[in-house]
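J.: Have a look at this one before I ask anything.
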Amino acid sequence: MSGGGRHIVSVKMDEIPDLRKKLPKKLGTLLQDIAHLIHENGGHSLLVGGSVRDLILGQAPHELDMEVRGFKTDHLAQLLLPKYAAEQVGKSFGVLKLKGFPVEIALPRTEVKNGTGHKGFSIEVDPNLPFEQAAHRRDYTINAIGLNPLTGEILDPFNGQQDLREKILRHVSPAFSEDPLRVLRGMQFIARFHLKPSPETISLCQSISMEELPPERIFDEWKKLFLKGIDITAGLNFLKDTKWLKHFPELDDLVGCKQDPEWHPEGDVWIHTLHCLDAFARERVGIEWEDLVVGLAVLCHDLGKPSTTKIGEDGRIRSPKHEPRGEEPTRSFLSRLTNQNDLIEQVVPLVRRHLSPRTFYNDQASDGAVRRLAGKVGRIDRLVRVAAADIAGRPPRKDEFPEGPWLLQRAEELHVKDSEPKPIILGRHLIEQGLSPSPNFGLILDKCFEAQLDGKFNDTKNGIDYLKNLLFPI
């Protein structure tokens, strides 16, 4: 039985257009070439997993996931040579990656749970394992569909096509629970494809512990949420419904954290954060690093509210200093997801100063203040994106955001829109003036940089004039 308790159809030919015609030309040619090569040598190949799912959804895959029967791993690798050099992934996994081509080929395999975590499996490659049995160990029905590259026949033993049409995320079998990473995969699938989890899948996920999943695997799923998610609210609410937010306590604390209804009619901080993330998703720029930094900053921007929110004597709800207080939970949350310190260090300043655009606009901040802000957050354009998502995350309010364009224009004029100001006067300039390196170098350079930020000079020539006057006042 499938996760939803439905009867399994062994092999199914569905009445839909030939999916092979939906492949980009180069990928289609590549798939046919490999499939013919395998067929001519007595084997059998299928396109499987996300490649088939995306084709059914009308989305062109960027890579091919294939499953090949009839060969052992070494034999298959030799067969592919000399046209396709292949390297084996993992140890005894029966998975080959073609060098220089976006193709991964797996042999059917059986898996027996014998330990904890994502890698706690005993794996045995079985070149003749029927597709239905191999697919039985896949995560969701939408990923358990096979496509014969040579005939166009679709193998759909768990009715994954129907679930795609009905926008349902459903686990394949009870074996789903043996790999906890699948819960996080469900989070990003729901956000990417507008899916609704089946009640049975939610119930099963509630019984699964995160165990000792490697942080890098966890982070991969969060990255897909931020870079590809459309309905991020639905994805994160899946974590809430499956009780997996407890594994991310900084986020769990947002649930039920009250906000002033005048400024936040949408509800608590959790609901606000979800609206902000959906607003972010609508305005991605398509540069992976930039979208990842900003997306994480939007997720974390109000993590300081649970520890600072209070109800005043006037009955108003306020969260004073929640910006700087958000640094600690942001670092705590991100450090468990990734060891990319450069990523963390670029997210944290955006959390600490996400209200600055409005403050600067209201105060009509000076050039020096804008330059200093750029030095603190790294990129003004990122900060404006975070603040814009924050403003947009308060429905039904539709507040204007004049501070965004204003600050971007100021930053553009000051050449700090997408970079922090760099010191013009350096140590070598001090040496050129006859000074020997000493502890005073730092003090002099700091004074020159502060003067630069205040607009007292903006090029090397005037900077040296300022330095000379500082060192040898007339």
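Residue names in the structure tokens use chain letters A, B, ... in the order shown, residue numbers from 1 in each chain, and ligand numbers from 1 in the order shown.
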Please provide as a list of chain:residue names all residues within 12 Å of A:Pro439, with the sequence filter that same-chain residues fewer than 6 positions apart are discarded (counting only C-alpha atoms).

T.: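 Within the cut-off, the hits are A:Gly427, A:Leu445, A:Asp446.
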
J.: With N, CA and C atoms kept, could you save the residues just selected as a CSV table (one decimal), in the first residue's frame?

T.:
```
chain,number,residue,atom,x,y,z
A,427,GLY,N,48.3,52.1,4.7
A,427,GLY,CA,49.6,52.2,5.4
A,427,GLY,C,50.8,52.7,4.6
A,445,LEU,N,45.2,55.9,10.6
A,445,LEU,CA,44.4,55.4,9.5
A,445,LEU,C,42.9,55.5,9.8
A,446,ASP,N,42.5,55.2,11.1
A,446,ASP,CA,41.1,55.3,11.5
A,446,ASP,C,40.6,56.7,11.4
```

J.: So which residues touch A:Lys83 within 12 Å, counting only C-alpha atoms, skipping near sequence neighbours fewer than 2 positions away, as number ranges by chain?

T.: A: 30, 33-34, 37, 77-81, 85-86, 98-101

J.: For A:Gly70, please output as a count of residues only all residues within 8 Å (counting only C-alpha atoms; exclusion window: fewer than 3 positions along the same chain).

T.: 5
